[in-house]
Amino acid sequence: MPALTDLILAGKGVDNHFPWSRAVVTSKRWSFAVEQLAEGHLSLLGLWGEPGTVHMALLDEAVGNIGVVSLLCPDGRYPSVGLLHPPALRLERAAADLFGLLPQGAPDTRRWLDHGYWGISFPLSAHVRTSVATAPPYQFLPAEGESLHQIPVGPVHAGIIEPGHFRFTASGETVVRLEERLGYTHKGIEGLMAGSDIDHAAKLAGRTSGDSTVAYSLAFSRAVEAALGIEVPARAVWLRALMAELERLANHLGDIGAICNDAAFALMHAHCGVLRERVLRASDAAFGHRLMRDRVVPGGVATYLNDEGTTAIWSLIAEIRQRFPALVELYDNTASLQDRTVATGRLKVELARQYRAGGYVGRASGRDFDARRSLAYPPYDALNFNVPLLQEGDVNARVWIRIHEVEQSLSLVEQILRQLPGGPIRVDLAQTGGPHEGMALVEGFRGDILAWLRIGKSGLIERCHLRDPSWFQWPLLEAAIEGNIVADFPLCNKSFNCSYSGHDL
Amino acid sequence: MRKLLFESLIRPPLTERPPRVSDAAVDELARALNGVAHRRLGRSLSIRAVDAGSCNGCELEMHALNNAFYDIERFGIRFVASPRHADVLLVTGPATRNMREALKRTYDATPNPKWVVALGDCAQNGGCFAGSYAVVRGVSEVLPVDLHIPGCPPPPIEILKGLLALLEGANSKAGVARN
């Protein structure tokens, strides 16, 4: 029997957790799950806290099964996952900051989201402590060696990007170690969601990471619908996918240009920027908002899509199909550009697998996972598309994955427009009788987004956790940059394009 | 590449006509800039963008200002890499407590005369994040704000209108040098 099913069955099953199972397990079983993670039999989808409980979402990739194991820890202590499985380290540090949950044996117990400015400690725990708002100095990991020097960067960066701190240790031009410090954009979204009604929580979910607003709204909505057992009308399901693909197109087109711009090749940036703008304008015409914010809602979608909108999307697809191939050719045939992207920022296949890196970061390093295909949530079960895969793991490979994904998304948008069913676009949310839990895994442009939530008797959100794909990509950027020159960092960073806000939440 | 460049020569420009400056923004600025003129900026404005905890939506639309459709540099407005080169801090986000210190330091590093523009609904008053332990209620709790540009996120054309109003206001009324 597969390890995950085994694990869940061995625990005490939790009622009303959909669509996958959740079980409360013993400390021994928890440790067994950690061993399974460390040996690579299971993948870590997420780790989050609640007062007195720690949860871990697991994926059995061989059979595509998902499950949640929970460990009660009334004294706030639990066996560390990060001790044996490093991808969990930052998740544990975050849970420690927010809930005061202490992973026993964890090799890294520094604060992560809590920089010491909140005025309180453990804000989401049952016992919030007031603390003096002073920021203790942050100890970066040491790097020792002859004539090493440090370069601190951020949190305010030179470009128009989100805030985060990068601490480079360099030997001459070569990066010996990069350490990230994040948490600057922590807004307390999960704290705001607790106790709020579903509509307000949906708005917050859609503002977790601006570039993935559709994907986040979709993940949140699907989790709500799973919890309440709501069937979404067919037209809404297809319109959601249409928006998700438009969002993917906009981000990929913008980023392909931006990566080239970081190699000082502005021509690509200018042309890709035009195509991105076209996508945003078509989205605006079709759904009434350039980023399609708040258009995916629990129970369906908020916009019907009229003929005018459909025409706008058709002409958008025609325009991209006409212009994009020349840009791909330009990328492929510009030796000076290839000189910068090929073999730069190489992410090893083994690391991508260990951290189960999602999206183009994983797929450029041989990790063949796409929630749209692997979990085949509707309407993707009725659509034809390929998931591109490369092994090289360099900046160039990540660009090519995105190029292929643009092509796939164009085809998906066409298929969706051709098959779009009619009918209603939204159903009302039913009242619940008791606590209901739901979860969803949705493929955003950056990778898979996990949403887990519990709706209480009153119909309010009791606890909601959103896990951005960046949690498992940020640490890999540190590995990918090692041995590269400092000047290639922007290029590597943009090719990952991890989210700060989605991570910091 | 030659074909693409040649096509760019013969295709009509994508760049759109300048928008009318925002009336609401002009009104707000008239109130903000009622001091004595210290220095005329000419037709240029250097902007330093500071993300004080936004969701990144406002940044995406700021980026769009540089594309061929809006081409913000034709108005003499440009984004600069350092606060030392800036006239305006364009601040997004509800101002998280974790960013407050960095935001203040960025402001202190900006030479006078300087203006602060709060971009987006959450920069105005915290928006949907107001009330969280991790944020203050908008940029004005950290810095003196001269102009708000609302929206979630504001479309590029609205940002442009607001900035043009700032440029007009800075030239015709007065720039208040803040100490």
# chains A, B, ... in the order shown; residues from 1 in each chain; ligands from 1

$ interface_residues --of "chain A" --to "chain B" --cutoff "7 Å" --atoms "only C-alpha atoms" --output "NGL selection string"
:A and (115 or 117-118 or 156 or 158-163 or 184-188 or 192 or 204 or 207-211 or 270 or 273-274 or 330 or 501)

$ write_last_selection --atoms "N, CA and C atoms" --output "short mmCIF file (atom, residue, chain, number, x, y, z; two decimals), in the first residue's frame"
data_model
loop_
_atom_site.label_atom_id
_atom_site.label_comp_id
_atom_site.auth_asym_id
_atom_site.auth_seq_id
_atom_site.Cartn_x
_atom_site.Cartn_y
_atom_site.Cartn_z
N HIS A 115 10.26 40.42 12.29
CA HIS A 115 11.51 41.17 12.35
C HIS A 115 11.65 41.95 13.65
N TYR A 117 9.25 44.11 14.80
CA TYR A 117 8.60 45.43 14.70
C TYR A 117 7.10 45.39 14.99
N TRP A 118 6.55 44.22 15.24
CA TRP A 118 5.09 44.14 15.34
C TRP A 118 4.55 44.66 16.67
N VAL A 156 15.12 47.86 -0.10
CA VAL A 156 14.69 48.71 -1.21
C VAL A 156 15.67 48.49 -2.36
N ALA A 158 16.97 48.61 -6.60
CA ALA A 158 17.14 49.66 -7.61
C ALA A 158 15.99 49.68 -8.61
N GLY A 159 15.38 48.56 -8.86
CA GLY A 159 14.33 48.52 -9.87
C GLY A 159 12.95 48.68 -9.24
N ILE A 160 11.92 48.50 -10.06
CA ILE A 160 10.56 48.55 -9.54
C ILE A 160 10.19 47.13 -9.15
N ILE A 161 10.71 46.68 -8.02
CA ILE A 161 10.36 45.33 -7.57
C ILE A 161 10.06 45.34 -6.08
N GLU A 162 9.66 44.17 -5.60
CA GLU A 162 9.23 44.05 -4.22
C GLU A 162 10.43 44.07 -3.28
N PRO A 163 10.19 44.31 -2.00
CA PRO A 163 11.31 44.41 -1.07
C PRO A 163 11.74 43.08 -0.46
N TYR A 184 9.58 41.22 4.63
CA TYR A 184 9.33 42.68 4.66
C TYR A 184 7.90 43.03 4.25
N THR A 185 7.31 42.21 3.39
CA THR A 185 5.94 42.54 2.95
C THR A 185 4.89 41.77 3.75
N HIS A 186 5.28 41.21 4.89
CA HIS A 186 4.30 40.48 5.70
C HIS A 186 3.18 41.41 6.16
N LYS A 187 1.95 41.08 5.70
CA LYS A 187 0.81 41.93 5.99
C LYS A 187 -0.14 41.29 7.00
N GLY A 188 0.15 40.06 7.37
CA GLY A 188 -0.74 39.37 8.31
C GLY A 188 -2.03 38.93 7.65
N LEU A 192 -5.80 38.27 9.23
CA LEU A 192 -6.99 39.02 8.84
C LEU A 192 -8.12 38.09 8.39
N LEU A 204 -8.99 39.18 0.19
CA LEU A 204 -7.62 39.11 0.72
C LEU A 204 -6.80 38.08 -0.07
N ARG A 207 -5.41 39.29 -3.13
CA ARG A 207 -4.38 40.33 -2.97
C ARG A 207 -3.14 39.78 -2.28
N THR A 208 -2.96 38.48 -2.37
CA THR A 208 -1.79 37.86 -1.74
C THR A 208 -0.56 38.05 -2.61
N SER A 209 -0.73 37.84 -3.91
CA SER A 209 0.36 38.10 -4.84
C SER A 209 -0.26 38.66 -6.11
N GLY A 210 -0.02 39.95 -6.37
CA GLY A 210 -0.74 40.66 -7.43
C GLY A 210 -0.64 40.03 -8.80
N ASP A 211 0.52 39.44 -9.11
CA ASP A 211 0.66 38.87 -10.45
C ASP A 211 -0.10 37.56 -10.60
N ALA A 270 10.98 45.50 -25.11
CA ALA A 270 10.00 46.43 -25.70
C ALA A 270 8.88 45.65 -26.41
N GLY A 273 6.83 43.62 -23.96
CA GLY A 273 6.02 44.54 -23.16
C GLY A 273 4.75 44.92 -23.90
N VAL A 274 4.85 45.08 -25.21
CA VAL A 274 3.67 45.41 -26.02
C VAL A 274 2.67 44.25 -25.99
N LEU A 330 14.23 35.70 -32.57
CA LEU A 330 15.20 36.72 -32.15
C LEU A 330 15.98 36.24 -30.92
N SER A 501 5.57 38.99 -1.92
CA SER A 501 4.33 39.18 -1.19
C SER A 501 3.62 37.85 -0.95
#

$ select_by_dssp --residues "stretch 240-381 of chain A" --states "strand (DSSP E or B)" --output "short mmCIF file (atom, residue, chain, number, x, y, z; two decimals) with C-alpha atoms, in the first residue's frame"
data_model
loop_
_atom_site.label_atom_id
_atom_site.label_comp_id
_atom_site.auth_asym_id
_atom_site.auth_seq_id
_atom_site.Cartn_x
_atom_site.Cartn_y
_atom_site.Cartn_z
CA VAL A 296 -13.02 34.58 -9.69
CA VAL A 297 -15.24 34.30 -6.60
CA GLY A 300 -18.29 30.89 -9.69
CA VAL A 301 -17.10 33.98 -11.50
#

$ closest_residue --among "A:Asp108, A:Glu414, A:Glu462, A:Glu146" --to "A:Val176" --atoms "only C-alpha atoms"
A:Glu146

$ atom_distance --atom1 "atom CA of A:Arg235" --atom2 "atom CA of A:Pro424"
6.7 Å

$ atom_distance --atom1 "atom CA of A:Asp339" --atom2 "atom CA of A:Ser171"
22.4 Å

$ select_by_dssp --residues "stretch 221-298 of chain A" --states "alpha helix (DSSP H)" --output "tab-separated table (two decimals) with C-alpha atoms, in the first residue's frame"
chain	number	residue	atom	x	y	z
A	221	SER	CA	-12.53	29.54	-4.16
A	222	ARG	CA	-11.92	25.89	-4.97
A	223	ALA	CA	-11.01	25.23	-1.34
A	224	VAL	CA	-14.22	26.94	-0.16
A	225	GLU	CA	-16.27	24.98	-2.68
A	226	ALA	CA	-14.60	21.72	-1.67
A	227	ALA	CA	-15.35	22.43	1.98
A	228	LEU	CA	-19.00	23.29	1.36
A	234	ALA	CA	-19.90	24.69	-16.09
A	235	ARG	CA	-19.54	28.11	-17.69
A	236	ALA	CA	-17.82	29.45	-14.57
A	237	VAL	CA	-15.37	26.55	-14.55
A	238	TRP	CA	-14.37	27.31	-18.14
A	239	LEU	CA	-14.23	31.06	-17.64
A	240	ARG	CA	-11.93	30.54	-14.67
A	241	ALA	CA	-9.53	28.55	-16.82
A	242	LEU	CA	-9.73	31.23	-19.49
A	243	MET	CA	-8.71	33.88	-16.95
A	244	ALA	CA	-5.99	31.66	-15.52
A	245	GLU	CA	-4.47	31.18	-18.97
A	246	LEU	CA	-4.66	34.89	-19.77
A	247	GLU	CA	-2.86	35.59	-16.51
A	248	ARG	CA	-0.21	33.01	-17.38
A	249	LEU	CA	0.22	34.59	-20.83
A	250	ALA	CA	0.59	38.09	-19.42
A	251	ASN	CA	3.19	37.04	-16.86
A	252	HIS	CA	5.22	34.84	-19.17
A	253	LEU	CA	5.29	37.44	-21.94
A	254	GLY	CA	6.29	40.19	-19.55
A	255	ASP	CA	8.97	38.10	-17.88
A	256	ILE	CA	10.54	36.73	-21.06
A	257	GLY	CA	11.13	40.33	-22.07
A	258	ALA	CA	12.28	41.35	-18.60
A	259	ILE	CA	14.83	38.52	-18.40
A	260	CYS	CA	16.31	39.65	-21.72
A	261	ASN	CA	16.29	43.22	-20.43
A	262	ASP	CA	18.40	42.11	-17.47
A	266	ALA	CA	16.05	45.95	-24.59
A	267	LEU	CA	14.54	45.10	-27.97
A	268	MET	CA	12.93	41.89	-26.63
A	269	HIS	CA	11.71	43.77	-23.59
A	270	ALA	CA	10.00	46.43	-25.70
A	271	HIS	CA	8.26	43.93	-27.95
A	272	CYS	CA	7.27	41.54	-25.16
A	273	GLY	CA	6.02	44.54	-23.16
A	274	VAL	CA	3.67	45.41	-26.02
A	275	LEU	CA	2.29	41.88	-26.13
A	276	ARG	CA	1.83	41.84	-22.34
A	277	GLU	CA	-0.07	45.12	-22.53
A	278	ARG	CA	-2.29	43.63	-25.24
A	279	VAL	CA	-3.15	40.73	-22.93
A	280	LEU	CA	-4.02	43.12	-20.08
A	281	ARG	CA	-6.20	45.22	-22.36
A	282	ALA	CA	-8.01	42.19	-23.73
A	283	SER	CA	-8.53	40.98	-20.14
A	284	ASP	CA	-9.93	44.39	-19.27
A	285	ALA	CA	-12.27	44.31	-22.27
A	286	ALA	CA	-13.40	40.77	-21.49
A	287	PHE	CA	-13.60	40.81	-17.69

$ closest_residue --among "A:Phe265, A:Phe122, A:Tyr355, A:Phe166" --to "A:Leu42" --atoms "only C-alpha atoms"
A:Tyr355

$ atom_distance --atom1 "atom CA of B:Thr15" --atom2 "atom CA of A:Glu319"
17.3 Å

$ residues_around --residues "stretch 87-100 of chain A" --least-positions-apart "5" --cutoff "10 Å" --atoms "only C-alpha atoms" --output "MDAnalysis selection string"
chainID A and resid 34 37:38 43:54 56 75:77 80:82 106:115 121:128 183 188 190:191 351 354:357 467 471:473 475:476 503:504
